[in-house]
$ cat target-v1.csv   # CSV, C-alpha atoms
chain,number,residue,atom,x,y,z
S,280,MET,CA,133.6,83.5,59.4
S,281,ASN,CA,132.2,80.8,57.1
S,282,THR,CA,128.5,80.5,56.1
S,283,ASP,CA,127.8,77.8,58.7
S,284,GLU,CA,129.3,79.8,61.5
S,285,ALA,CA,127.3,82.9,60.4
S,286,ALA,CA,124.1,80.9,60.4
S,287,ASN,CA,124.8,79.5,63.8
S,288,ARG,CA,125.4,83.0,65.2
S,289,SER,CA,122.3,84.5,63.6
S,290,SER,CA,119.8,82.0,65.1
S,291,ALA,CA,119.3,79.9,68.2
S,292,ARG,CA,116.4,78.0,69.8
S,293,SER,CA,113.8,80.4,71.1
S,294,PRO,CA,112.2,80.0,74.5
S,295,ILE,CA,109.1,81.6,73.1
S,296,GLY,CA,106.4,79.3,71.8
S,297,PHE,CA,102.8,79.6,70.7
S,298,SER,CA,100.2,78.6,73.2
S,299,GLU,CA,97.1,77.1,71.6
S,300,VAL,CA,95.1,77.7,74.7
S,301,LEU,CA,96.0,81.4,75.1
S,302,GLY,CA,96.1,82.0,71.3
S,303,ARG,CA,99.4,83.9,71.5
S,304,PRO,CA,103.2,83.6,72.1
S,305,ILE,CA,104.5,83.0,75.6
S,306,ARG,CA,107.8,81.9,77.0
S,307,GLN,CA,107.9,78.1,77.5
S,308,ASP,CA,111.4,77.5,78.8
S,309,GLY,CA,111.8,75.1,81.8
S,310,LEU,CA,112.1,75.8,85.5
S,311,GLY,CA,115.8,76.5,85.3
S,312,THR,CA,115.3,79.7,83.2
S,313,LEU,CA,111.6,80.5,83.2
S,314,GLY,CA,112.1,83.0,86.0
S,315,THR,CA,115.1,84.8,84.3
S,316,SER,CA,114.4,88.3,83.0
S,317,THR,CA,113.6,88.4,79.3
S,318,GLN,CA,116.0,91.3,79.2
S,319,THR,CA,118.8,89.1,80.4
S,320,LEU,CA,118.0,86.5,77.8
S,321,ALA,CA,118.1,89.2,75.1
S,322,GLU,CA,121.5,90.4,76.4
S,323,GLU,CA,122.8,86.8,76.3
S,324,ALA,CA,121.6,86.4,72.7
S,325,LEU,CA,123.3,89.7,71.7
S,326,ARG,CA,126.5,88.6,73.4
S,327,ASP,CA,126.4,85.3,71.4
S,328,GLY,CA,125.5,86.9,68.1
S,329,HIS,CA,122.1,85.3,67.9
S,330,TRP,CA,120.5,88.3,66.2
S,331,ASP,CA,117.2,87.0,65.2
S,332,LEU,CA,116.6,85.6,68.7
S,333,ALA,CA,117.7,88.9,70.3
S,334,ALA,CA,115.1,90.8,68.2
S,335,GLU,CA,112.4,88.3,69.1
S,336,LEU,CA,113.1,88.6,72.8
S,337,ALA,CA,113.2,92.4,72.6
S,338,ARG,CA,109.8,92.5,71.1
S,339,TYR,CA,108.4,90.0,73.5
S,340,PHE,CA,109.9,91.9,76.5
S,341,VAL,CA,107.9,95.0,75.4
S,342,SER,CA,104.7,92.9,75.1
S,343,GLU,CA,105.2,91.6,78.7
S,344,ILE,CA,105.6,95.1,80.1
S,345,ARG,CA,102.9,96.8,77.9
S,346,THR,CA,100.3,94.1,78.8
S,347,MET,CA,100.7,94.7,82.5
S,348,ASN,CA,100.7,98.4,82.2
S,349,ASP,CA,97.4,98.1,80.3
S,350,VAL,CA,96.0,96.0,83.1
S,351,LEU,CA,97.0,98.8,85.6
S,352,PHE,CA,95.3,101.4,83.4
S,353,VAL,CA,92.0,99.3,83.4
S,354,TRP,CA,92.2,98.8,87.1
S,355,LEU,CA,92.9,102.5,87.8
S,356,ALA,CA,89.9,103.4,85.5
S,357,ASP,CA,87.7,101.1,87.5
S,358,ILE,CA,88.9,102.6,90.8
S,359,LEU,CA,88.2,106.1,89.5
S,360,ASP,CA,84.8,105.2,88.3
S,361,TYR,CA,84.0,103.8,91.7
S,362,ARG,CA,85.2,107.0,93.5
S,363,LEU,CA,83.4,109.3,91.0
S,364,ALA,CA,80.2,107.4,91.5
S,365,LYS,CA,80.6,107.9,95.2
S,366,ALA,CA,80.9,111.6,94.6
S,367,GLY,CA,77.7,111.6,92.6
S,368,ALA,CA,78.9,111.3,89.0
S,369,THR,CA,76.4,109.5,86.7
S,370,GLU,CA,78.3,109.4,83.5
S,371,GLN,CA,79.6,105.9,82.8
S,372,GLY,CA,83.3,105.3,81.9
S,373,LEU,CA,84.7,108.6,83.1
S,374,GLY,CA,87.8,106.8,84.5
S,375,THR,CA,88.7,105.5,81.1
S,376,THR,CA,88.0,108.9,79.5
S,377,LEU,CA,90.2,110.7,82.0
S,378,LEU,CA,93.1,108.3,81.5
S,379,GLN,CA,93.0,107.9,77.7
S,380,GLY,CA,95.7,110.5,77.0
S,381,TYR,CA,98.2,109.0,79.4
S,382,ARG,CA,97.4,105.5,78.2
S,383,ALA,CA,98.1,106.5,74.6
S,384,TYR,CA,101.6,107.4,75.6
S,385,GLN,CA,104.0,104.5,74.8
S,386,PRO,CA,107.2,105.4,76.8
S,387,GLY,CA,109.6,102.8,75.3
S,388,SER,CA,108.5,102.6,71.7
S,389,GLY,CA,111.4,104.7,70.3
S,390,ASP,CA,113.9,102.6,72.3
S,391,LEU,CA,112.5,99.4,70.8
S,392,GLU,CA,113.0,100.7,67.3
S,393,ARG,CA,116.6,101.8,68.2
S,394,ALA,CA,117.3,98.3,69.7
S,395,LEU,CA,116.0,96.6,66.5
S,396,THR,CA,118.0,98.9,64.3
S,397,ALA,CA,121.1,98.1,66.3
S,398,ILE,CA,120.4,94.4,66.2
S,399,ALA,CA,120.1,94.6,62.4
S,400,ALA,CA,123.5,96.3,62.3
S,401,HIS,CA,125.0,93.6,64.6
S,402,ASP,CA,125.7,96.2,67.3
S,403,PRO,CA,125.3,94.4,70.6
S,404,GLY,CA,126.3,97.4,72.7
S,405,GLY,CA,123.9,99.8,71.1
S,406,ALA,CA,121.1,97.2,71.3
S,407,SER,CA,121.7,96.4,75.0
S,408,SER,CA,121.7,100.1,75.9
S,409,ALA,CA,118.5,100.7,74.0
S,410,ILE,CA,116.8,97.8,75.7
S,411,GLU,CA,117.9,98.9,79.1
S,412,LEU,CA,116.6,102.4,78.5
S,413,MET,CA,113.4,101.0,77.2
S,414,ARG,CA,112.9,99.0,80.4
S,415,VAL,CA,113.6,102.1,82.6
S,416,ARG,CA,111.1,104.2,80.7
S,417,TRP,CA,108.3,101.5,80.9
S,418,ALA,CA,109.1,100.9,84.5
S,419,ALA,CA,108.7,104.6,85.4
S,420,GLN,CA,105.2,104.5,83.9
S,421,HIS,CA,104.4,101.2,85.7
S,422,ASP,CA,105.7,102.4,89.1
S,423,GLY,CA,103.8,105.7,88.7
S,424,LEU,CA,100.5,103.8,88.1
S,425,VAL,CA,101.1,101.5,91.1
S,426,VAL,CA,101.6,104.6,93.4
S,427,TRP,CA,98.5,106.2,91.9
S,428,ILE,CA,96.4,103.1,92.6
S,429,GLN,CA,97.8,102.9,96.1
S,430,GLU,CA,96.9,106.5,96.8
S,431,VAL,CA,93.3,106.4,95.4
S,432,LEU,CA,92.6,103.2,97.3
S,433,THR,CA,93.9,104.9,100.5
S,434,GLU,CA,91.5,107.8,100.0
S,435,ILE,CA,88.6,105.4,99.4
S,436,ALA,CA,89.4,103.4,102.5
S,437,GLU,CA,89.6,106.6,104.6
S,438,SER,CA,86.4,108.1,103.2
S,439,TYR,CA,84.2,105.0,102.9
S,440,GLY,CA,85.7,102.4,105.2
S,441,GLU,CA,88.1,99.5,104.6
S,442,ASP,CA,85.4,97.2,103.1
S,443,ALA,CA,85.1,99.7,100.3
S,444,VAL,CA,88.5,98.5,99.0
S,445,ARG,CA,87.2,95.0,98.8
S,446,GLU,CA,84.2,96.3,96.9
S,447,VAL,CA,86.2,98.2,94.3
S,448,VAL,CA,88.6,95.2,93.8
S,449,THR,CA,85.6,92.9,93.3
S,450,LEU,CA,84.2,95.2,90.7
S,451,ALA,CA,87.6,95.4,88.9
S,452,TYR,CA,87.8,91.5,89.1
S,453,GLU,CA,85.1,91.3,86.4
S,454,HIS,CA,87.1,93.4,83.9
S,455,ILE,CA,90.6,92.1,84.7
S,456,TRP,CA,91.2,88.9,86.6
S,457,LYS,CA,88.1,87.0,85.6
S,458,PRO,CA,88.8,87.3,81.8
S,459,ARG,CA,92.5,86.9,82.3
S,460,TYR,CA,92.1,83.5,84.1
S,461,GLU,CA,89.0,82.3,82.3
S,462,LEU,CA,91.1,79.6,80.5
S,463,TRP,CA,92.9,78.6,83.7
S,464,PRO,CA,91.1,75.2,84.0
S,465,ARG,CA,92.0,74.3,80.4
S,466,MET,CA,95.7,75.0,80.9
S,467,SER,CA,98.3,72.4,81.8
S,468,PRO,CA,100.1,73.0,85.1
S,469,GLU,CA,103.1,74.2,83.1
S,470,GLU,CA,101.0,76.7,81.1
S,471,ARG,CA,99.5,78.0,84.3
S,472,LEU,CA,103.0,78.5,85.6
S,473,GLN,CA,104.2,80.2,82.4
S,474,LEU,CA,101.3,82.7,82.5
S,475,SER,CA,101.8,83.4,86.2
S,476,VAL,CA,105.6,84.0,85.8
S,477,GLU,CA,105.1,86.1,82.7
S,478,GLY,CA,102.9,88.6,84.6
S,479,MET,CA,105.4,89.0,87.5
S,480,ARG,CA,108.6,88.7,85.4
S,481,GLY,CA,108.2,91.1,82.5
S,482,GLY,CA,104.9,92.5,83.6
S,483,HIS,CA,105.8,93.8,87.0
S,484,LEU,CA,109.6,93.6,86.6
S,485,SER,CA,110.0,91.8,89.9
S,486,GLY,CA,113.3,90.9,91.5
S,487,PRO,CA,116.4,92.5,93.1
S,488,ARG,CA,117.2,94.6,90.1
S,489,HIS,CA,113.6,95.5,89.0
S,490,ARG,CA,114.4,93.8,85.7
S,491,GLY,CA,112.0,90.8,85.9
S,492,ASP,CA,113.7,88.0,87.9
S,493,VAL,CA,111.4,85.5,89.6
S,494,GLY,CA,112.2,82.4,91.7
S,495,VAL,CA,110.6,79.3,90.4
S,496,SER,CA,110.5,75.9,92.2
S,497,ASP,CA,108.6,72.6,92.2
S,498,GLU,CA,107.2,71.3,95.5
S,499,GLY,CA,105.5,68.2,94.0
S,500,ASP,CA,101.9,69.1,94.2
S,501,ARG,CA,102.5,72.7,93.2
S,502,TYR,CA,104.8,75.1,91.6
S,503,VAL,CA,106.0,78.1,93.7
S,504,MET,CA,106.9,81.6,92.5
S,505,SER,CA,109.1,83.6,94.8
S,506,LEU,CA,109.1,87.4,94.4
S,507,ASP,CA,111.9,89.2,96.2
S,508,PRO,CA,110.7,91.8,95.9
S,509,CYS,CA,107.5,91.9,93.9
S,510,GLY,CA,107.9,94.6,91.3
S,511,SER,CA,104.7,96.4,92.4
S,512,CYS,CA,103.7,96.3,96.1
S,513,GLY,CA,107.2,95.0,97.0
S,514,VAL,CA,108.9,98.1,95.4
S,515,LEU,CA,106.3,100.3,97.2
S,516,ARG,CA,107.2,98.8,100.5
S,517,ARG,CA,111.0,98.4,100.1
S,518,GLY,CA,111.9,101.1,97.5
S,519,ASP,CA,113.2,100.7,94.0
S,520,PRO,CA,116.3,98.4,94.0
S,521,ASP,CA,117.3,99.7,90.6
S,522,SER,CA,117.2,103.5,91.0
S,523,GLY,CA,117.6,103.6,94.8
S,524,ARG,CA,114.2,105.4,95.1
S,525,ALA,CA,113.1,105.3,98.8
S,526,PRO,CA,110.2,103.2,100.0
S,527,HIS,CA,106.8,104.8,99.4
S,528,GLN,CA,105.6,103.9,102.9
S,529,PRO,CA,102.1,102.9,101.8
S,530,ALA,CA,99.1,103.5,104.0
S,531,SER,CA,97.6,100.2,105.1
S,532,ASN,CA,94.6,98.4,106.7
S,533,ARG,CA,94.1,98.9,110.4
S,534,GLU,CA,91.5,96.1,110.8
S,535,PRO,CA,92.0,92.4,110.1
S,536,HIS,CA,89.8,91.0,107.4
S,537,ALA,CA,89.3,87.5,105.9
S,538,TRP,CA,90.5,89.0,102.6
S,539,THR,CA,93.8,90.1,104.1
S,540,GLN,CA,94.4,86.7,105.7
S,541,GLY,CA,93.6,88.2,109.1
S,542,ARG,CA,96.6,90.5,108.8
S,543,THR,CA,96.9,94.3,109.4
S,544,GLY,CA,99.4,96.6,108.0
S,545,MET,CA,99.0,95.6,104.3
S,546,GLY,CA,99.4,98.4,101.8
S,547,TRP,CA,96.1,99.0,100.0
S,548,TYR,CA,97.6,98.2,96.6
S,549,SER,CA,98.8,94.8,97.8
S,550,VAL,CA,95.4,93.4,99.1
S,551,HIS,CA,94.0,93.0,95.6
S,552,SER,CA,95.8,89.6,95.0
S,553,MET,CA,94.3,88.0,98.1
S,554,ILE,CA,90.8,89.3,97.1
S,555,ALA,CA,90.9,88.5,93.4
S,556,LEU,CA,92.8,85.2,93.4
S,557,GLU,CA,91.6,83.6,96.7
S,558,TYR,CA,88.8,85.3,98.6
S,559,ILE,CA,86.3,85.7,95.7
S,560,GLN,CA,86.6,82.0,94.7
S,561,MET,CA,86.4,80.6,98.2
S,562,ALA,CA,83.5,82.9,99.2
S,563,ASP,CA,81.7,81.3,96.2
S,564,GLY,CA,82.5,77.8,97.4
S,565,GLN,CA,85.3,77.2,94.9
S,566,PRO,CA,89.0,76.5,95.5
S,567,PRO,CA,91.3,79.5,95.4
S,568,LEU,CA,92.7,80.3,92.0
S,569,ARG,CA,96.3,81.1,92.8
S,570,PRO,CA,96.9,81.5,96.5
S,571,LEU,CA,99.8,83.3,98.1
S,572,GLU,CA,101.6,84.0,101.3
S,573,ASP,CA,103.8,86.6,102.9
S,574,CYS,CA,102.6,89.3,100.5
S,575,ASP,CA,103.8,92.9,101.3
S,576,LEU,CA,106.3,92.0,104.1
S,577,PRO,CA,109.6,93.9,104.2
S,578,ASP,CA,111.8,91.0,105.3
S,579,ARG,CA,110.8,88.0,103.1
S,580,PRO,CA,109.7,87.2,99.6
S,581,CYS,CA,106.1,87.0,98.5
S,582,ARG,CA,105.3,83.4,97.5
S,583,TRP,CA,102.6,82.4,95.0
S,584,PHE,CA,101.3,78.8,94.5
S,585,ILE,CA,100.2,77.3,91.2
S,586,TYR,CA,98.7,73.9,92.0
S,587,LYS,CA,99.0,71.1,89.5
S,588,ASP,CA,95.6,69.9,90.4
S,589,VAL,CA,93.5,73.1,90.6
S,590,THR,CA,90.9,71.3,92.8
S,591,LYS,CA,93.4,70.3,95.5
S,592,PRO,CA,95.0,73.3,97.1
S,593,ARG,CA,96.3,72.8,100.6
S,594,ALA,CA,93.9,73.4,103.5
S,595,ILE,CA,96.0,76.2,104.9
S,596,HIS,CA,94.8,78.6,102.2
S,597,TYR,CA,91.2,78.2,103.3
S,598,VAL,CA,92.1,78.5,107.0
S,599,ARG,CA,94.0,81.7,106.5
S,600,GLN,CA,90.9,83.5,105.1
S,601,GLY,CA,88.5,82.0,107.6
S,602,PHE,CA,87.0,79.3,105.4
S,603,THR,CA,86.5,75.7,106.2
S,604,PRO,CA,88.6,73.5,103.9
S,605,PRO,CA,87.1,70.6,102.0
S,606,PRO,CA,87.4,67.3,103.9
S,607,ASP,CA,89.8,66.0,101.3
S,608,ALA,CA,92.1,69.0,101.2
S,609,PRO,CA,95.7,68.0,101.8
$ encode --input "target-v1.csv" --output "structure tokens"
Amino acid sequence: MNTDEAANRSSARSPIGFSEVLGRPIRQDGLGTLGTSTQTLAEEALRDGHWDLAAELARYFVSEIRTMNDVLFVWLADILDYRLAKAGATEQGLGTTLLQGYRAYQPGSGDLERALTAIAAHDPGGASSAIELMRVRWAAQHDGLVVWIQEVLTEIAESYGEDAVREVVTLAYEHIWKPRYELWPRMSPEERLQLSVEGMRGGHLSGPRHRGDVGVSDEGDRYVMSLDPCGSCGVLRRGDPDSGRAPHQPASNREPHAWTQGRTGMGWYSVHSMIALEYIQMADGQPPLRPLEDCDLPDRPCRWFIYKDVTKPRAIHYVRQGFTPPPDAP
């Protein structure tokens, strides 16, 4: 192999760019590949001998997963704080204290180092195996946190009524979703799509192989994400498509609420998206942040909508939650 061929095989154009709005790297590839698992892109880079790109993608894949697991830890701590306060605890931040040991555990850190070592040695097989094992280890922590959240919310609903779940999600909104989407109005439509896909792709490892594959399409006034299944409540409802683990059969709401779009039978984990990304905003007289439909159904994908004009979501989103849409809503 001559010098030019070696250079071509060592590098390729990266889909990861720096977002000035977010102040960090994020994948910025187009609609055709944005929903493809970062693990798959790393494997393709390894196959083609693009070693620098493979290393960059492996590191970014870990950051996707770790970020969402950190979100789940914060949410679980908020839920535990709510439940402990109900039981009479007065000490603040007990949830975070109780979880700090488990949160300090980084399940895939050794695998990342093995992957990077294999990449440096130009060993695509060894690197691919390490990345796969890394995903499985991180996914196990992720899925365990999702089940934990589902079960604590179930106990809260049974002990204090179904509206208590809305209360605890609203409290967590201040620590999780409000700061995460604080820059939403400043983002371009493409950046809002990139952030949304990142969370459900590498964060929740959605898709038919639990690797992070998300459907992405353009409907003119909005981008649409299709999760089949979602890597969190979808895996709870349907089971793990990767390992074959059976469905969790999550407990669900028995009463229709505006914040469940009038539906019953939604697993308690799943209702947070409708509350945090639709209900809270519309109850405050604002348009929904990122509305969705068909969440937590066993026979169809969950669809999320990222409107290009954040002030002009379609009227149906208001109607589903019992709000009157603005007169100019399409």
$ atom_distance --input "target-v1.csv" --atom1 "atom CA of Ser549 of chain S" --atom2 "atom CA of Asp575 of chain S"
6.4 Å
$ residues_around --input "target-v1.csv" --residues "Leu506 of chain S" --least-positions-apart "6" --cutoff "7 Å" --atoms "all atoms listed in the file" --output "VMD selection string"
chain S and resid 485 to 486 493 to 494 580 to 582
$ atom_distance --input "target-v1.csv" --atom1 "atom CA of Arg338 of chain S" --atom2 "atom CA of Ser475 of chain S"
19.4 Å
$ residues_around --input "target-v1.csv" --residues "Leu363 of chain S" --least-positions-apart "5" --cutoff "10 Å" --atoms "all atoms listed in the file" --output "ChimeraX atom specification"
/S:357-358,368-374
$ write_last_selection --input "target-v1.csv" --atoms "C-alpha atoms" --output "tab-separated table (two decimals), keeping the file's coordinate frame"
chain	number	residue	atom	x	y	z
S	357	ASP	CA	87.70	101.10	87.50
S	358	ILE	CA	88.90	102.60	90.80
S	368	ALA	CA	78.90	111.30	89.00
S	369	THR	CA	76.40	109.50	86.70
S	370	GLU	CA	78.30	109.40	83.50
S	371	GLN	CA	79.60	105.90	82.80
S	372	GLY	CA	83.30	105.30	81.90
S	373	LEU	CA	84.70	108.60	83.10
S	374	GLY	CA	87.80	106.80	84.50
$ atom_distance --input "target-v1.csv" --atom1 "atom CA of Glu441 of chain S" --atom2 "atom CA of Asn532 of chain S"
6.9 Å
$ closest_residue --input "target-v1.csv" --among "S:Pro609, S:Pro604, S:Pro464, S:Gly523" --to "Val300 of chain S" --atoms "only C-alpha atoms"
S:Pro464
$ closest_residue --input "target-v1.csv" --among "S:Ser552, S:Ser467, S:Gln560, S:Ser407" --to "Glu323 of chain S" --atoms "only C-alpha atoms"
S:Ser407
$ closest_residue --input "target-v1.csv" --among "S:Met553, S:Met347, S:Ala333, S:Leu568" --to "Gln420 of chain S" --atoms "all atoms listed in the file"
S:Met347
$ closest_residue --input "target-v1.csv" --among "S:Pro526, S:Ser342, S:Ala537, S:Lys365" --to "Pro304 of chain S" --atoms "all atoms listed in the file"
S:Ser342
$ residues_near_point --input "target-v1.csv" --point "(91.3, 68.2, 98.6)" --cutoff "7 Å" --atoms "only C-alpha atoms" --output "short mmCIF file (atom, residue, chain, number, x, y, z; two decimals) with C-alpha atoms, keeping the file's coordinate frame"
data_model
loop_
_atom_site.label_atom_id
_atom_site.label_comp_id
_atom_site.auth_asym_id
_atom_site.auth_seq_id
_atom_site.Cartn_x
_atom_site.Cartn_y
_atom_site.Cartn_z
CA THR S 590 90.90 71.30 92.80
CA LYS S 591 93.40 70.30 95.50
CA PRO S 592 95.00 73.30 97.10
CA PRO S 605 87.10 70.60 102.00
CA PRO S 606 87.40 67.30 103.90
CA ASP S 607 89.80 66.00 101.30
CA ALA S 608 92.10 69.00 101.20
CA PRO S 609 95.70 68.00 101.80
#
$ residues_around --input "target-v1.csv" --residues "Ala399 of chain S" --least-positions-apart "5" --cutoff "9 Å" --atoms "all atoms listed in the file" --output "PyMOL selection string"
chain S and resi 330-331+334+394
$ closest_residue --input "target-v1.csv" --among "S:Arg414, S:Leu472, S:Glu453, S:Leu462" --to "Val495 of chain S" --atoms "all atoms listed in the file"
S:Leu472
$ residues_around --input "target-v1.csv" --residues "Asp573 of chain S" --least-positions-apart "5" --cutoff "12 Å" --atoms "only C-alpha atoms" --output "MDAnalysis selection string"
chainID S and resid 504:509 512:513 539:540 542 545 549:550 552:553 578:584 599
$ residues_around --input "target-v1.csv" --residues "Gly482 of chain S" --least-positions-apart "5" --cutoff "8 Å" --atoms "only C-alpha atoms" --output "number ranges by chain"
S: 343-348, 477, 491
$ write_last_selection --input "target-v1.csv" --atoms "C-alpha atoms" --output "tab-separated table (two decimals), keeping the file's coordinate frame"
chain	number	residue	atom	x	y	z
S	343	GLU	CA	105.20	91.60	78.70
S	344	ILE	CA	105.60	95.10	80.10
S	345	ARG	CA	102.90	96.80	77.90
S	346	THR	CA	100.30	94.10	78.80
S	347	MET	CA	100.70	94.70	82.50
S	348	ASN	CA	100.70	98.40	82.20
S	477	GLU	CA	105.10	86.10	82.70
S	491	GLY	CA	112.00	90.80	85.90
$ closest_residue --input "target-v1.csv" --among "S:Gly518, S:Gly309, S:Gly405, S:Pro386" --to "Ala418 of chain S" --atoms "all atoms listed in the file"
S:Pro386
$ residues_near_point --input "target-v1.csv" --point "(94.7, 84.7, 81.0)" --cutoff "9 Å" --atoms "only C-alpha atoms" --output "mmCIF file with C-alpha atoms, in the coordinates of the input"
data_model
loop_
_atom_site.group_PDB
_atom_site.id
_atom_site.type_symbol
_atom_site.label_atom_id
_atom_site.label_comp_id
_atom_site.auth_asym_id
_atom_site.auth_seq_id
_atom_site.Cartn_x
_atom_site.Cartn_y
_atom_site.Cartn_z
ATOM 1 C CA LEU S 301 96.000 81.400 75.100
ATOM 2 C CA TRP S 456 91.200 88.900 86.600
ATOM 3 C CA LYS S 457 88.100 87.000 85.600
ATOM 4 C CA PRO S 458 88.800 87.300 81.800
ATOM 5 C CA ARG S 459 92.500 86.900 82.300
ATOM 6 C CA TYR S 460 92.100 83.500 84.100
ATOM 7 C CA GLU S 461 89.000 82.300 82.300
ATOM 8 C CA LEU S 462 91.100 79.600 80.500
ATOM 9 C CA TRP S 463 92.900 78.600 83.700
ATOM 10 C CA ARG S 471 99.500 78.000 84.300
ATOM 11 C CA LEU S 474 101.300 82.700 82.500
ATOM 12 C CA SER S 475 101.800 83.400 86.200
#
$ decode --input "target-v1.csv" --residues "segment 405-412 of chain S" --atoms "all heavy atoms" --output "short mmCIF file (atom, residue, chain, number, x, y, z; two decimals), in the first residue's frame"
data_model
loop_
_atom_site.label_atom_id
_atom_site.label_comp_id
_atom_site.auth_asym_id
_atom_site.auth_seq_id
_atom_site.Cartn_x
_atom_site.Cartn_y
_atom_site.Cartn_z
N GLY S 405 -11.22 -7.30 16.50
CA GLY S 405 -11.10 -7.06 17.94
C GLY S 405 -11.83 -5.80 18.37
O GLY S 405 -12.47 -5.77 19.43
N ALA S 406 -11.73 -4.76 17.54
CA ALA S 406 -12.40 -3.50 17.87
C ALA S 406 -13.92 -3.65 17.83
O ALA S 406 -14.63 -3.17 18.72
CB ALA S 406 -11.95 -2.40 16.92
N SER S 407 -14.44 -4.31 16.80
CA SER S 407 -15.88 -4.52 16.68
C SER S 407 -16.43 -5.32 17.85
O SER S 407 -17.50 -5.00 18.40
CB SER S 407 -16.22 -5.23 15.36
OG SER S 407 -15.94 -4.41 14.25
N SER S 408 -15.71 -6.36 18.25
CA SER S 408 -16.15 -7.17 19.38
C SER S 408 -16.18 -6.36 20.67
O SER S 408 -17.11 -6.49 21.48
CB SER S 408 -15.22 -8.38 19.55
OG SER S 408 -15.30 -9.24 18.42
N ALA S 409 -15.17 -5.52 20.87
CA ALA S 409 -15.12 -4.71 22.08
C ALA S 409 -16.25 -3.69 22.11
O ALA S 409 -16.87 -3.45 23.15
CB ALA S 409 -13.77 -4.01 22.19
N ILE S 410 -16.55 -3.08 20.96
CA ILE S 410 -17.64 -2.10 20.89
C ILE S 410 -18.99 -2.77 21.13
O ILE S 410 -19.85 -2.23 21.83
CB ILE S 410 -17.62 -1.37 19.53
CG1 ILE S 410 -16.37 -0.48 19.42
CG2 ILE S 410 -18.88 -0.53 19.35
CD1 ILE S 410 -16.15 0.10 18.04
N GLU S 411 -19.16 -3.97 20.59
CA GLU S 411 -20.41 -4.70 20.81
C GLU S 411 -20.59 -5.04 22.29
O GLU S 411 -21.69 -4.85 22.85
CB GLU S 411 -20.41 -5.99 19.98
CG GLU S 411 -21.53 -6.97 20.30
CD GLU S 411 -22.92 -6.47 19.97
OE1 GLU S 411 -23.06 -5.36 19.41
OE2 GLU S 411 -23.89 -7.21 20.26
N LEU S 412 -19.55 -5.52 22.93
CA LEU S 412 -19.66 -5.85 24.35
C LEU S 412 -19.88 -4.60 25.18
O LEU S 412 -20.64 -4.61 26.17
CB LEU S 412 -18.40 -6.59 24.81
CG LEU S 412 -18.42 -7.15 26.23
CD1 LEU S 412 -19.63 -8.05 26.46
CD2 LEU S 412 -17.13 -7.92 26.51
#
